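Student: One file: final22.txt (compact mmCIF, C-alpha atoms).
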# COMPACT_ATOMS: atom_id res chain seq x y z
CA MET A 1 -17.39 -14.29 -35.85
CA SER A 2 -13.95 -13.41 -37.19
CA ASP A 3 -10.57 -13.59 -35.46
CA SER A 4 -10.71 -9.84 -34.91
CA ASP A 5 -13.74 -10.37 -32.66
CA SER A 6 -11.74 -12.46 -30.21
CA SER A 7 -10.52 -10.81 -27.04
CA ASP A 8 -7.48 -13.10 -27.09
CA ASN A 9 -5.80 -12.95 -30.48
CA SER A 10 -3.09 -15.37 -29.37
CA GLY A 11 -5.53 -18.28 -29.14
CA PRO A 12 -8.39 -19.75 -31.17
CA SER A 13 -11.06 -17.33 -32.29
CA PHE A 14 -14.53 -17.28 -30.79
CA PRO A 15 -16.39 -19.64 -31.18
CA ALA A 16 -13.49 -21.86 -32.31
CA SER A 17 -12.15 -22.02 -28.76
CA VAL A 18 -15.47 -23.44 -27.54
CA LEU A 19 -15.52 -25.96 -30.38
CA GLU A 20 -11.91 -27.04 -29.85
CA PRO A 21 -12.64 -29.92 -27.39
CA LEU A 22 -15.06 -31.58 -29.84
CA GLU A 23 -12.45 -33.78 -31.49
CA ALA A 24 -11.61 -35.45 -28.19
CA ARG A 25 -15.31 -36.09 -27.51
CA LEU A 26 -16.21 -37.54 -30.91
CA ALA A 27 -15.63 -41.21 -30.09
CA ASP A 28 -18.05 -40.96 -27.17
CA LEU A 29 -20.63 -39.16 -29.30
CA VAL A 30 -20.41 -41.77 -32.06
CA ALA A 31 -20.91 -44.53 -29.49
CA LEU A 32 -23.91 -42.64 -28.07
CA TYR A 33 -25.42 -42.20 -31.51
CA GLU A 34 -25.05 -45.87 -32.42
CA ASP A 35 -26.55 -46.89 -29.06
CA LEU A 36 -29.56 -44.60 -29.58
CA HIS A 37 -30.00 -45.95 -33.09
CA ARG A 38 -30.01 -49.54 -31.80
CA HIS A 39 -32.69 -48.72 -29.21
CA PRO A 40 -35.43 -46.60 -30.85
CA GLU A 41 -38.43 -45.58 -28.76
CA LEU A 42 -41.80 -44.34 -29.98
CA GLY A 43 -43.44 -41.09 -28.93
CA PHE A 44 -44.06 -40.71 -25.18
CA GLN A 45 -42.12 -43.96 -24.62
CA GLU A 46 -38.63 -42.43 -24.81
CA THR A 47 -37.69 -43.42 -21.24
CA ARG A 48 -34.25 -44.86 -22.05
CA THR A 49 -33.30 -41.94 -24.29
CA ALA A 50 -34.58 -39.39 -21.78
CA ALA A 51 -32.68 -41.03 -18.91
CA GLU A 52 -29.41 -40.85 -20.85
CA ALA A 53 -30.02 -37.21 -21.77
CA ALA A 54 -30.76 -36.34 -18.13
CA ARG A 55 -27.71 -38.26 -16.89
CA ARG A 56 -25.35 -36.45 -19.23
CA LEU A 57 -26.85 -33.00 -18.65
CA THR A 58 -26.48 -33.45 -14.90
CA ALA A 59 -22.84 -34.42 -15.38
CA TYR A 60 -22.30 -31.30 -17.51
CA GLY A 61 -23.62 -29.09 -14.69
CA TYR A 62 -27.15 -28.29 -15.88
CA ASP A 63 -30.20 -27.99 -13.63
CA VAL A 64 -32.28 -30.86 -15.00
CA THR A 65 -36.03 -31.50 -14.96
CA THR A 66 -37.43 -34.79 -16.24
CA GLY A 67 -40.89 -36.14 -17.01
CA ILE A 68 -42.12 -32.94 -18.68
CA GLY A 69 -45.00 -33.85 -20.99
CA VAL A 70 -44.52 -37.54 -20.00
CA THR A 71 -40.92 -38.11 -21.10
CA GLY A 72 -39.50 -34.68 -21.95
CA VAL A 73 -36.23 -33.46 -20.43
CA ALA A 74 -34.98 -29.90 -19.97
CA GLY A 75 -31.63 -28.63 -18.75
CA VAL A 76 -30.86 -25.07 -17.69
CA LEU A 77 -27.40 -23.53 -17.44
CA ARG A 78 -27.45 -20.03 -15.94
CA ASN A 79 -24.25 -18.19 -16.70
CA GLY A 80 -24.62 -14.52 -15.86
CA PRO A 81 -26.63 -11.74 -17.51
CA GLY A 82 -27.80 -12.03 -21.07
CA PRO A 83 -30.46 -13.62 -23.27
CA VAL A 84 -32.15 -16.94 -22.73
CA VAL A 85 -31.36 -19.23 -25.68
CA LEU A 86 -33.29 -22.48 -26.12
CA LEU A 87 -31.90 -25.38 -28.18
CA ARG A 88 -34.31 -28.20 -28.97
CA ALA A 89 -33.99 -31.83 -30.14
CA ASP A 90 -36.75 -34.39 -30.64
CA MET A 91 -36.26 -37.93 -29.33
CA ASP A 92 -38.90 -40.26 -30.79
CA ALA A 93 -38.52 -42.97 -33.40
CA LEU A 94 -41.00 -44.38 -35.93
CA PRO A 95 -42.95 -47.65 -36.34
CA VAL A 96 -40.72 -48.61 -39.29
CA ALA A 97 -38.80 -51.87 -39.73
CA GLU A 98 -35.18 -50.99 -40.50
CA GLN A 99 -33.64 -52.38 -43.69
CA SER A 100 -30.24 -50.68 -43.59
CA GLY A 101 -28.18 -53.77 -42.80
CA LEU A 102 -25.83 -51.67 -40.66
CA PRO A 103 -24.02 -53.25 -37.70
CA TYR A 104 -25.76 -50.79 -35.36
CA ALA A 105 -29.23 -51.25 -36.89
CA SER A 106 -32.31 -51.20 -34.68
CA THR A 107 -32.65 -54.13 -32.33
CA VAL A 108 -36.35 -53.41 -31.72
CA PRO A 109 -38.62 -55.18 -34.21
CA GLY A 110 -40.76 -52.79 -36.23
CA ARG A 111 -39.16 -49.64 -34.82
CA MET A 112 -36.46 -47.43 -36.25
CA HIS A 113 -34.93 -44.00 -36.03
CA ALA A 114 -35.96 -43.39 -39.63
CA CYS A 115 -36.11 -39.61 -39.26
CA GLY A 116 -32.76 -38.96 -37.63
CA HIS A 117 -33.91 -37.99 -34.16
CA ASP A 118 -31.01 -40.05 -32.77
CA VAL A 119 -28.74 -37.62 -34.64
CA HIS A 120 -30.61 -34.68 -33.10
CA VAL A 121 -30.25 -35.99 -29.53
CA THR A 122 -26.57 -36.79 -29.99
CA CYS A 123 -25.76 -33.40 -31.52
CA LEU A 124 -27.60 -31.47 -28.83
CA LEU A 125 -25.87 -33.39 -26.05
CA GLY A 126 -22.55 -32.69 -27.75
CA ALA A 127 -23.36 -28.99 -28.00
CA ALA A 128 -24.59 -28.88 -24.39
CA ASP A 129 -21.29 -30.36 -23.27
CA LEU A 130 -19.15 -27.91 -25.27
CA LEU A 131 -21.18 -24.89 -24.18
CA ALA A 132 -20.96 -25.89 -20.52
CA ALA A 133 -17.23 -26.49 -20.78
CA GLY A 134 -16.76 -23.15 -22.55
CA ARG A 135 -18.99 -21.05 -20.32
CA ASP A 136 -16.18 -18.56 -19.69
CA ARG A 137 -16.62 -17.46 -23.32
CA TRP A 138 -20.32 -16.51 -23.14
CA SER A 139 -22.91 -14.93 -20.88
CA GLY A 140 -26.63 -15.59 -20.57
CA THR A 141 -28.83 -18.60 -19.91
CA LEU A 142 -28.83 -21.75 -22.01
CA VAL A 143 -31.89 -24.03 -22.11
CA VAL A 144 -31.69 -27.41 -23.79
CA VAL A 145 -34.92 -29.30 -24.43
CA PHE A 146 -35.24 -32.96 -25.39
CA GLN A 147 -38.78 -33.27 -26.68
CA PRO A 148 -40.92 -36.39 -27.01
CA ALA A 149 -43.45 -37.33 -29.66
CA GLU A 150 -42.64 -34.95 -32.49
CA GLU A 151 -43.76 -37.52 -35.06
CA VAL A 152 -47.35 -37.38 -33.82
CA GLY A 153 -47.32 -33.62 -33.33
CA SER A 154 -48.03 -33.82 -29.61
CA GLY A 155 -44.70 -33.54 -27.83
CA ALA A 156 -44.10 -29.80 -27.80
CA ARG A 157 -47.69 -29.13 -26.81
CA ALA A 158 -47.46 -31.74 -24.03
CA MET A 159 -44.37 -30.09 -22.57
CA LEU A 160 -45.98 -26.65 -22.73
CA ASP A 161 -49.21 -27.93 -21.19
CA ASP A 162 -47.15 -29.52 -18.41
CA GLY A 163 -45.79 -26.10 -17.45
CA LEU A 164 -42.51 -25.82 -19.34
CA TYR A 165 -42.83 -22.02 -19.21
CA SER A 166 -45.94 -21.41 -17.11
CA LYS A 167 -44.56 -23.31 -14.10
CA GLU A 168 -41.10 -21.89 -14.79
CA LEU A 169 -39.55 -25.32 -15.27
CA VAL A 170 -37.28 -23.37 -17.62
CA PRO A 171 -36.97 -19.60 -18.11
CA THR A 172 -38.96 -18.29 -21.06
CA PRO A 173 -36.57 -18.13 -24.03
CA ASP A 174 -35.69 -15.07 -26.05
CA VAL A 175 -34.94 -17.24 -29.08
CA VAL A 176 -35.52 -20.88 -30.09
CA LEU A 177 -33.06 -22.77 -32.29
CA ALA A 178 -33.36 -26.26 -33.80
CA GLN A 179 -32.05 -28.37 -36.65
CA HIS A 180 -33.16 -31.46 -38.57
CA VAL A 181 -31.01 -33.93 -40.46
CA ALA A 182 -32.06 -34.27 -44.12
CA PRO A 183 -31.22 -36.47 -47.13
CA PHE A 184 -28.79 -34.15 -48.86
CA ALA A 185 -25.00 -34.19 -48.78
CA ALA A 186 -23.40 -34.29 -45.34
CA GLY A 187 -21.25 -31.23 -44.77
CA LEU A 188 -23.94 -28.82 -45.94
CA ILE A 189 -26.52 -26.69 -44.14
CA ALA A 190 -29.75 -25.58 -45.81
CA TYR A 191 -32.09 -22.83 -44.73
CA CYS A 192 -35.42 -21.38 -45.81
CA PRO A 193 -36.58 -17.86 -44.93
CA GLY A 194 -40.14 -17.39 -43.68
CA ALA A 195 -42.50 -20.36 -43.83
CA CYS A 196 -40.05 -23.25 -44.07
CA MET A 197 -42.22 -26.26 -43.20
CA ALA A 198 -45.88 -26.89 -43.79
CA ALA A 199 -48.82 -27.03 -41.45
CA ALA A 200 -50.11 -30.59 -41.25
CA ASP A 201 -53.48 -31.99 -40.29
CA SER A 202 -54.09 -35.73 -40.10
CA LEU A 203 -57.74 -36.75 -40.24
CA GLU A 204 -59.67 -39.98 -39.78
CA ILE A 205 -63.02 -40.06 -41.56
CA THR A 206 -65.49 -42.87 -40.87
CA PHE A 207 -68.15 -43.47 -43.52
CA HIS A 208 -71.27 -45.25 -42.26
CA GLY A 209 -73.28 -47.56 -44.49
CA THR A 210 -75.60 -50.53 -44.13
CA GLY A 211 -73.92 -53.91 -44.30
CA GLY A 212 -75.21 -57.06 -45.93
CA HIS A 213 -74.51 -60.06 -48.13
CA GLY A 214 -72.19 -59.49 -51.08
CA SER A 215 -74.70 -61.27 -53.33
CA ARG A 216 -77.42 -58.70 -52.57
CA PRO A 217 -75.79 -55.23 -52.71
CA GLU A 218 -79.19 -53.69 -53.39
CA THR A 219 -80.10 -54.28 -49.75
CA THR A 220 -77.09 -52.34 -48.51
CA VAL A 221 -75.57 -48.89 -48.51
CA ASP A 222 -72.01 -49.73 -49.47
CA PRO A 223 -69.47 -47.69 -47.43
CA ILE A 224 -66.57 -48.97 -49.53
CA LEU A 225 -68.03 -47.45 -52.68
CA MET A 226 -68.84 -44.31 -50.72
CA ALA A 227 -65.32 -43.98 -49.34
CA ALA A 228 -63.71 -44.89 -52.67
CA ALA A 229 -65.65 -42.11 -54.38
CA PHE A 230 -64.48 -39.73 -51.67
CA VAL A 231 -60.83 -40.77 -52.15
CA GLN A 232 -61.03 -40.05 -55.86
CA ARG A 233 -62.99 -36.82 -55.54
CA VAL A 234 -60.83 -35.39 -52.74
CA GLN A 235 -57.87 -35.25 -55.13
CA SER A 236 -59.70 -32.44 -56.94
CA VAL A 237 -59.34 -30.13 -53.94
CA VAL A 238 -55.74 -29.20 -54.73
CA ALA A 239 -56.15 -29.59 -58.49
CA ARG A 240 -59.29 -27.47 -58.82
CA GLU A 241 -59.89 -25.43 -55.66
CA ILE A 242 -56.42 -24.11 -54.76
CA ALA A 243 -54.75 -21.44 -56.86
CA ALA A 244 -51.64 -22.49 -58.75
CA LYS A 245 -49.52 -19.97 -56.82
CA GLU A 246 -50.52 -21.57 -53.50
CA GLN A 247 -49.18 -24.83 -52.08
CA ALA A 248 -51.16 -27.70 -50.59
CA VAL A 249 -50.97 -31.47 -50.47
CA VAL A 250 -53.77 -33.94 -49.74
CA THR A 251 -52.69 -37.56 -49.32
CA VAL A 252 -54.86 -40.55 -48.44
CA GLY A 253 -52.58 -42.95 -46.60
CA SER A 254 -54.96 -45.49 -45.12
CA PHE A 255 -58.21 -47.15 -46.20
CA HIS A 256 -59.81 -49.91 -44.10
CA ALA A 257 -63.14 -51.65 -44.61
CA GLY A 258 -64.49 -55.15 -44.27
CA ASP A 259 -62.90 -58.49 -43.42
CA THR A 260 -64.08 -60.92 -46.07
CA ALA A 261 -64.92 -61.04 -49.77
CA ASN A 262 -68.66 -61.76 -49.64
CA VAL A 263 -69.77 -59.36 -46.92
CA ILE A 264 -70.43 -55.67 -47.46
CA PRO A 265 -69.38 -53.97 -44.21
CA ASP A 266 -71.27 -51.25 -42.41
CA ARG A 267 -68.42 -48.76 -42.34
CA ALA A 268 -65.17 -47.72 -44.03
CA VAL A 269 -62.40 -45.70 -42.40
CA VAL A 270 -60.10 -43.39 -44.37
CA ARG A 271 -57.08 -41.58 -42.98
CA LEU A 272 -55.54 -38.66 -44.81
CA SER A 273 -52.91 -35.97 -44.39
CA VAL A 274 -53.21 -32.32 -45.40
CA ARG A 275 -50.22 -30.00 -45.84
CA SER A 276 -50.36 -26.23 -46.37
CA PHE A 277 -48.30 -23.07 -45.84
CA ASP A 278 -51.06 -20.49 -45.48
CA GLU A 279 -53.85 -20.42 -42.89
CA ALA A 280 -56.49 -19.38 -45.44
CA VAL A 281 -55.46 -22.25 -47.73
CA ARG A 282 -55.47 -24.63 -44.78
CA THR A 283 -59.01 -23.60 -43.81
CA ALA A 284 -60.25 -23.90 -47.39
CA VAL A 285 -58.77 -27.37 -47.89
CA LEU A 286 -60.16 -28.74 -44.62
CA ALA A 287 -63.60 -27.28 -45.39
CA ALA A 288 -63.54 -28.84 -48.86
CA ILE A 289 -62.63 -32.26 -47.46
CA ASP A 290 -65.50 -32.08 -45.01
CA ARG A 291 -67.91 -30.95 -47.76
CA ILE A 292 -66.91 -33.76 -50.12
CA ALA A 293 -67.17 -36.41 -47.40
CA ARG A 294 -70.68 -35.30 -46.50
CA ALA A 295 -71.70 -35.02 -50.15
CA GLU A 296 -70.53 -38.53 -51.02
CA ALA A 297 -72.38 -39.93 -48.02
CA ALA A 298 -75.54 -38.10 -49.08
CA ALA A 299 -75.13 -39.24 -52.68
CA SER A 300 -74.93 -42.84 -51.47
CA GLY A 301 -78.04 -42.51 -49.33
CA ALA A 302 -76.20 -43.08 -46.07
CA GLY A 303 -78.34 -42.91 -42.97
CA ARG A 304 -75.60 -41.17 -40.99
CA GLU A 305 -73.17 -38.42 -41.85
CA PRO A 306 -69.48 -39.32 -41.80
CA GLU A 307 -67.53 -38.68 -38.62
CA THR A 308 -64.20 -36.85 -38.71
CA VAL A 309 -61.55 -37.03 -36.00
CA VAL A 310 -58.39 -34.90 -36.01
CA LEU A 311 -55.52 -37.28 -35.26
CA ASP A 312 -52.78 -34.67 -35.06
CA SER A 313 -52.11 -31.10 -36.10
CA PHE A 314 -48.86 -29.19 -36.71
CA PRO A 315 -48.63 -25.44 -37.28
CA VAL A 316 -46.64 -23.82 -40.09
CA THR A 317 -42.98 -23.52 -39.10
CA VAL A 318 -41.88 -19.93 -39.70
CA ASN A 319 -38.27 -18.75 -39.51
CA ASP A 320 -37.52 -15.30 -38.13
CA ALA A 321 -35.65 -13.25 -40.75
CA VAL A 322 -33.32 -11.41 -38.37
CA THR A 323 -32.32 -14.51 -36.41
CA LEU A 324 -31.80 -16.50 -39.61
CA ARG A 325 -29.53 -13.82 -41.05
CA LYS A 326 -27.42 -13.46 -37.90
CA VAL A 327 -26.97 -17.19 -37.34
CA ASN A 328 -26.22 -17.78 -41.02
CA GLU A 329 -23.47 -15.18 -40.87
CA GLY A 330 -21.90 -17.29 -38.14
CA PHE A 331 -22.40 -20.49 -40.15
CA ALA A 332 -20.76 -18.94 -43.20
CA GLU A 333 -17.80 -17.78 -41.11
CA LEU A 334 -17.39 -21.20 -39.52
CA PHE A 335 -18.15 -23.55 -42.40
CA GLY A 336 -17.63 -21.35 -45.47
CA GLU A 337 -20.34 -19.65 -47.53
CA GLN A 338 -20.34 -22.44 -50.12
CA ARG A 339 -21.63 -24.91 -47.52
CA VAL A 340 -24.67 -22.84 -46.46
CA PHE A 341 -27.42 -22.57 -49.06
CA ALA A 342 -31.05 -21.55 -49.43
CA TYR A 343 -33.63 -24.29 -49.92
CA ALA A 344 -37.29 -24.39 -50.90
CA PRO A 345 -39.97 -24.80 -48.21
CA ALA A 346 -40.49 -28.43 -47.21
CA THR A 347 -43.92 -30.01 -47.16
CA GLY A 348 -42.92 -31.96 -44.08
CA SER A 349 -44.09 -30.62 -40.73
CA GLU A 350 -42.71 -29.86 -37.29
CA ASP A 351 -43.95 -28.80 -33.86
CA ALA A 352 -40.77 -27.02 -32.72
CA GLY A 353 -42.41 -23.72 -33.66
CA LEU A 354 -44.84 -24.10 -30.76
CA LEU A 355 -41.95 -23.66 -28.33
CA ALA A 356 -41.24 -20.31 -29.96
CA THR A 357 -44.79 -19.03 -30.38
CA ALA A 358 -45.66 -19.91 -26.77
CA ALA A 359 -42.74 -17.76 -25.67
CA GLU A 360 -43.42 -15.05 -28.28
CA ALA A 361 -39.82 -15.61 -29.34
CA PRO A 362 -38.20 -15.82 -32.79
CA LEU A 363 -37.42 -19.24 -34.27
CA TYR A 364 -34.65 -20.41 -36.56
CA TYR A 365 -34.92 -23.99 -37.81
CA TRP A 366 -32.37 -25.26 -40.33
CA TRP A 367 -31.55 -28.52 -42.12
CA LEU A 368 -28.36 -30.49 -41.62
CA GLY A 369 -27.06 -32.61 -44.50
CA GLY A 370 -26.74 -36.27 -43.56
CA TRP A 371 -26.24 -38.37 -46.70
CA ASN A 372 -23.04 -39.74 -48.18
CA PRO A 373 -21.79 -36.80 -50.29
CA GLU A 374 -20.45 -38.95 -53.14
CA GLU A 375 -23.71 -40.90 -53.43
CA PHE A 376 -25.76 -37.71 -53.25
CA HIS A 377 -23.82 -35.86 -55.95
CA THR A 378 -23.81 -38.94 -58.21
CA ALA A 379 -27.59 -39.19 -57.91
CA LEU A 380 -27.97 -35.44 -58.43
CA ALA A 381 -25.89 -35.50 -61.61
CA ALA A 382 -27.93 -38.42 -62.95
CA GLY A 383 -31.28 -36.78 -62.08
CA ARG A 384 -32.11 -39.68 -59.76
CA LEU A 385 -32.30 -38.07 -56.32
CA SER A 386 -35.86 -39.20 -55.66
CA ARG A 387 -35.00 -42.78 -56.67
CA ASP A 388 -31.53 -43.30 -55.27
CA ILE A 389 -31.47 -41.26 -52.04
CA PRO A 390 -33.89 -42.47 -49.34
CA SER A 391 -36.05 -39.83 -47.74
CA ASN A 392 -36.79 -39.38 -44.06
CA HIS A 393 -39.15 -42.13 -42.82
CA SER A 394 -37.70 -44.66 -45.28
CA PRO A 395 -36.48 -47.98 -43.79
CA HIS A 396 -33.17 -47.20 -45.51
CA PHE A 397 -32.75 -43.66 -44.13
CA VAL A 398 -29.67 -43.76 -41.91
CA PRO A 399 -27.41 -40.69 -42.10
CA VAL A 400 -23.65 -41.18 -42.41
CA VAL A 401 -22.04 -40.80 -39.02
CA GLN A 402 -19.40 -38.36 -40.23
CA PRO A 403 -19.29 -35.53 -40.98
CA THR A 404 -22.94 -35.37 -39.91
CA LEU A 405 -22.37 -35.56 -36.15
CA THR A 406 -19.41 -33.20 -36.15
CA MET A 407 -21.20 -30.56 -38.20
CA GLY A 408 -24.44 -30.98 -36.23
CA VAL A 409 -22.68 -30.33 -32.92
CA GLN A 410 -20.77 -27.41 -34.40
CA ALA A 411 -23.91 -25.86 -35.88
CA LEU A 412 -25.91 -25.96 -32.64
CA THR A 413 -22.98 -24.69 -30.61
CA ALA A 414 -22.20 -21.86 -33.02
CA ALA A 415 -25.87 -20.86 -33.30
CA ALA A 416 -26.21 -20.64 -29.53
CA LEU A 417 -23.00 -18.62 -29.21
CA ASN A 418 -24.25 -16.32 -31.95
CA GLN A 419 -27.27 -15.43 -29.80
CA LEU A 420 -25.58 -15.37 -26.38
CA GLU A 421 -23.52 -12.44 -25.14
CA ARG A 422 -19.78 -12.10 -24.76
CA PRO A 423 -18.74 -11.66 -21.11
Please render this file's structure as structure tokens.
Tutor:
Amino acid sequence: MSDSDSSDNSGPSFPASVLEPLEARLADLVALYEDLHRHPELGFQETRTAAEAARRLTAYGYDVTTGIGVTGVAGVLRNGPGPVVLLRADMDALPVAEQSGLPYASTVPGRMHACGHDVHVTCLLGAADLLAAGRDRWSGTLVVVFQPAEEVGSGARAMLDDGLYSKELVPTPDVVLAQHVAPFAAGLIAYCPGACMAAADSLEITFHGTGGHGSRPETTVDPILMAAAFVQRVQSVVAREIAAKEQAVVTVGSFHAGDTANVIPDRAVVRLSVRSFDEAVRTAVLAAIDRIARAEAAASGAGREPETVVLDSFPVTVNDAVTLRKVNEGFAELFGEQRVFAYAPATGSEDAGLLATAAEAPLYYWWLGGWNPEEFHTALAAGRLSRDIPSNHSPHFVPVVQPTLTMGVQALTAAALNQLERP
């Protein structure tokens, strides 16, 4: 919003006046971020993180509810008539052993904030603080949600099933806003109209055979050979059954069978991930996987059909065009148009969209740059982005503290103000 939109032309423009106290709060936010990074917690175990979020929200003046969907936290700030705006951050870490070597690296063996959710929590708490302090500059109701277990695709659903809206733990939002730190240059914001993140389905398929001695394979039905044939054949689904104009990914990430060299086991377990952007494509890919698994079992003479279990499932994340345009206008005014750019859909997945669809509300989900700008641009110029810049979930993925935190707080605050009313 421009200076001319401010009712007080003698002071900072709106939302600059709300953002003004951020500089004085930065040292505290950096300390919070480093503390969260040192103490990562897995999905539905985020008790320490949730307690700190609840403590701070209470101090800021929010009505706070804890334990939603096990460890979720929600704060509500009612501030006169106007829309209900929901800001969301995820809290959970990953079972990854950190290799960053930073002084504030994870102190929990085998666990790390390798996807930046510590950034998300810190930025949302910073925005919640600024918006509460600047409540004389806006009207409406602000809802801030700290969600568990995004990494396993269960956290948003758990909060909804626990009555987030149905039990009126928070008022049903008119719009849902969220951001995710990404491995491009800090100081930039990226957006994608429409379907911006893929649907994801993680499956576990158990192939049943007949075990026996490795010296007499003729007396067995070998599930390793059966599953190996499936792994190879399933790659043809995207290559040969999905049109070139469509997008889908099938990745086998886990294969377990047997315990010793001279024993053919009686089963093999394969885990795989499916990504898609279209429901028809999603249905076709899942059906093809099931068909190939059954066919390979039949071809091997298995006495039992394979068993498939859905481990987790994320919907397609779809950005609302009108909300995206309005918020981006605010971003461009605040940060400059050159720092806000369009980006291709990501094959990663998110469950934030469930909070919007359950409320029948529009969603805008954007990406926040988090990598050292000089390193990023050097790698980009050399054509080495995929080699030199760690991706989310890497043991080396730790965003630079600044300007990531400052811009993340500013973006959430400005986006909320863009959707709230002027008093």
Student: Applying 8 Å and only C-alpha atoms, which residues near stretch 61-76 of chain A remain after dropping the ones on its own chain fewer than 2 positions away? List them as a compact mmCIF listing (two decimals) with C-alpha atoms, in the coordinates of the input.
Tutor:
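Here's the written file around.txt:
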# COMPACT_ATOMS: atom_id res chain seq x y z
CA PHE A 44 -44.06 -40.71 -25.18
CA GLN A 45 -42.12 -43.96 -24.62
CA GLU A 46 -38.63 -42.43 -24.81
CA THR A 47 -37.69 -43.42 -21.24
CA ALA A 50 -34.58 -39.39 -21.78
CA ALA A 53 -30.02 -37.21 -21.77
CA ALA A 54 -30.76 -36.34 -18.13
CA LEU A 57 -26.85 -33.00 -18.65
CA THR A 58 -26.48 -33.45 -14.90
CA ALA A 59 -22.84 -34.42 -15.38
CA ARG A 78 -27.45 -20.03 -15.94
CA ALA A 132 -20.96 -25.89 -20.52
CA THR A 141 -28.83 -18.60 -19.91
CA LEU A 142 -28.83 -21.75 -22.01
CA VAL A 143 -31.89 -24.03 -22.11
CA VAL A 144 -31.69 -27.41 -23.79
CA VAL A 145 -34.92 -29.30 -24.43
CA PHE A 146 -35.24 -32.96 -25.39
CA GLN A 147 -38.78 -33.27 -26.68
CA PRO A 148 -40.92 -36.39 -27.01
CA GLY A 155 -44.70 -33.54 -27.83
CA ALA A 156 -44.10 -29.80 -27.80
CA ARG A 157 -47.69 -29.13 -26.81
CA ALA A 158 -47.46 -31.74 -24.03
CA MET A 159 -44.37 -30.09 -22.57
CA LEU A 160 -45.98 -26.65 -22.73
CA ASP A 161 -49.21 -27.93 -21.19
CA ASP A 162 -47.15 -29.52 -18.41
CA GLY A 163 -45.79 -26.10 -17.45
CA LEU A 164 -42.51 -25.82 -19.34
CA LEU A 169 -39.55 -25.32 -15.27
CA VAL A 170 -37.28 -23.37 -17.62
Student: In Å, rounded to a single decimal, give me how far atom CA of A:Ser17 is from atom CA of A:Glu333.
Tutor: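 Here the two named atoms are 14.2 Å from each other.
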Student: Have a look at A:Val234, A:Ala182, A:Ala248, A:Leu188 and name the one nearest to A:Asn392; count only C-alpha atoms.
Tutor: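 Ranking A:Val234, A:Ala182, A:Ala248, A:Leu188 by distance to A:Asn392, first place goes to A:Ala182.
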Student: Quick one: residues within 12 Å of A:Val231, all atoms listed in the file counted, chain neighbours fewer than 2 positions away excluded, as a list in words?
Tutor: Ile205, Phe207, Ile224, Leu225, Met226, Ala227, Ala228, Ala229, Arg233, Val234, Gln235, Ser236, Val237, Val250, Thr251, Val252, Gly253, Ser254, Phe255, Ala268, Val269, Val270, Arg271, Leu272, Ile289, Ile292, Ala293 and Glu296 of chain A
Student: Could you state the separation of atom CA of A:Ala133 and atom CA of A:Leu334 in Å, given to one decimal place?
Tutor: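 So the answer is 19.5 Å.
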Student: Restricting the calculation to only C-alpha atoms, which member of A:Leu32, A:Leu203, A:Val119, A:Leu102 is positioned closest to A:Leu405?
Tutor: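 Counting only C-alpha atoms, the residue closest to A:Leu405 is A:Val119.
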Student: Please compute the atom CA of A:Gly370-atom CA of A:Val400 distance, one decimal, in Å.
Tutor: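 Computing the Euclidean distance for atom CA of A:Gly370 and atom CA of A:Val400 yields 5.9 Å.
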Student: Fewer than 2 positions away in the same chain doesn't count, so skip those; otherwise give me all residues within 7 Å of A:Phe277, counting all atoms listed in the file, as JSON, numbers by chain.
Tutor: {"A": [195, 198, 199, 247, 279, 316]}
Student: If you keep C-alpha atoms, can you produce a file of those selected residues as an mmCIF file, keeping the file's coordinate frame?
Tutor:
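Okay, again.cif is ready:
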data_model
loop_
_atom_site.group_PDB
_atom_site.id
_atom_site.type_symbol
_atom_site.label_atom_id
_atom_site.label_comp_id
_atom_site.auth_asym_id
_atom_site.auth_seq_id
_atom_site.Cartn_x
_atom_site.Cartn_y
_atom_site.Cartn_z
ATOM 1 C CA ALA A 195 -42.500 -20.360 -43.830
ATOM 2 C CA ALA A 198 -45.880 -26.890 -43.790
ATOM 3 C CA ALA A 199 -48.820 -27.030 -41.450
ATOM 4 C CA GLN A 247 -49.180 -24.830 -52.080
ATOM 5 C CA GLU A 279 -53.850 -20.420 -42.890
ATOM 6 C CA VAL A 316 -46.640 -23.820 -40.090
#
Student: Nearest to A:Arg282 among A:Ala178, A:Ala352, A:Ala299, A:Ile242, with distances taken over all atoms listed in the file: which residue is it?
Tutor: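 Result for the nearest residue to A:Arg282: A:Ile242.
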Student: Which one of A:Val249, A:Leu412, A:Val96, A:Leu77 sits closest to A:Cys115 if you count all atoms listed in the file?
Tutor: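 That would be A:Val96, the residue with the smallest distance to A:Cys115.
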Student: Taking only C-alpha atoms into account, which of A:Ala287, A:Asp351, A:Arg216, A:Arg304 comes nearest A:Glu241?
Tutor: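 Smallest separation from A:Glu241 among the options: A:Ala287.
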Student: Identify which of the residues A:Leu131, A:Asp266, A:Thr107, A:Leu385 lies closest to A:Thr219, counting all atoms listed in the file when measuring atom-to-atom distances.
Tutor: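 Ranking A:Leu131, A:Asp266, A:Thr107, A:Leu385 by distance to A:Thr219, first place goes to A:Asp266.
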Student: List as an mmCIF file with C-alpha atoms, in the coordinates of the input the protein and nucleic acid residues near stretch 373-379 of chain A, meaning an atom at most 9 Å away when all atoms listed in the file are counted, but skip any in the same chain fewer than 5 places from it.
Tutor:
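result11.cif, written as the output of this step:
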data_model
loop_
_atom_site.group_PDB
_atom_site.id
_atom_site.type_symbol
_atom_site.label_atom_id
_atom_site.label_comp_id
_atom_site.auth_asym_id
_atom_site.auth_seq_id
_atom_site.Cartn_x
_atom_site.Cartn_y
_atom_site.Cartn_z
ATOM 1 C CA PRO A 183 -31.220 -36.470 -47.130
ATOM 2 C CA PHE A 184 -28.790 -34.150 -48.860
ATOM 3 C CA ALA A 185 -25.000 -34.190 -48.780
ATOM 4 C CA ALA A 186 -23.400 -34.290 -45.340
ATOM 5 C CA GLY A 187 -21.250 -31.230 -44.770
ATOM 6 C CA ARG A 384 -32.110 -39.680 -59.760
ATOM 7 C CA LEU A 385 -32.300 -38.070 -56.320
ATOM 8 C CA SER A 386 -35.860 -39.200 -55.660
ATOM 9 C CA ARG A 387 -35.000 -42.780 -56.670
ATOM 10 C CA ASP A 388 -31.530 -43.300 -55.270
ATOM 11 C CA ILE A 389 -31.470 -41.260 -52.040
#
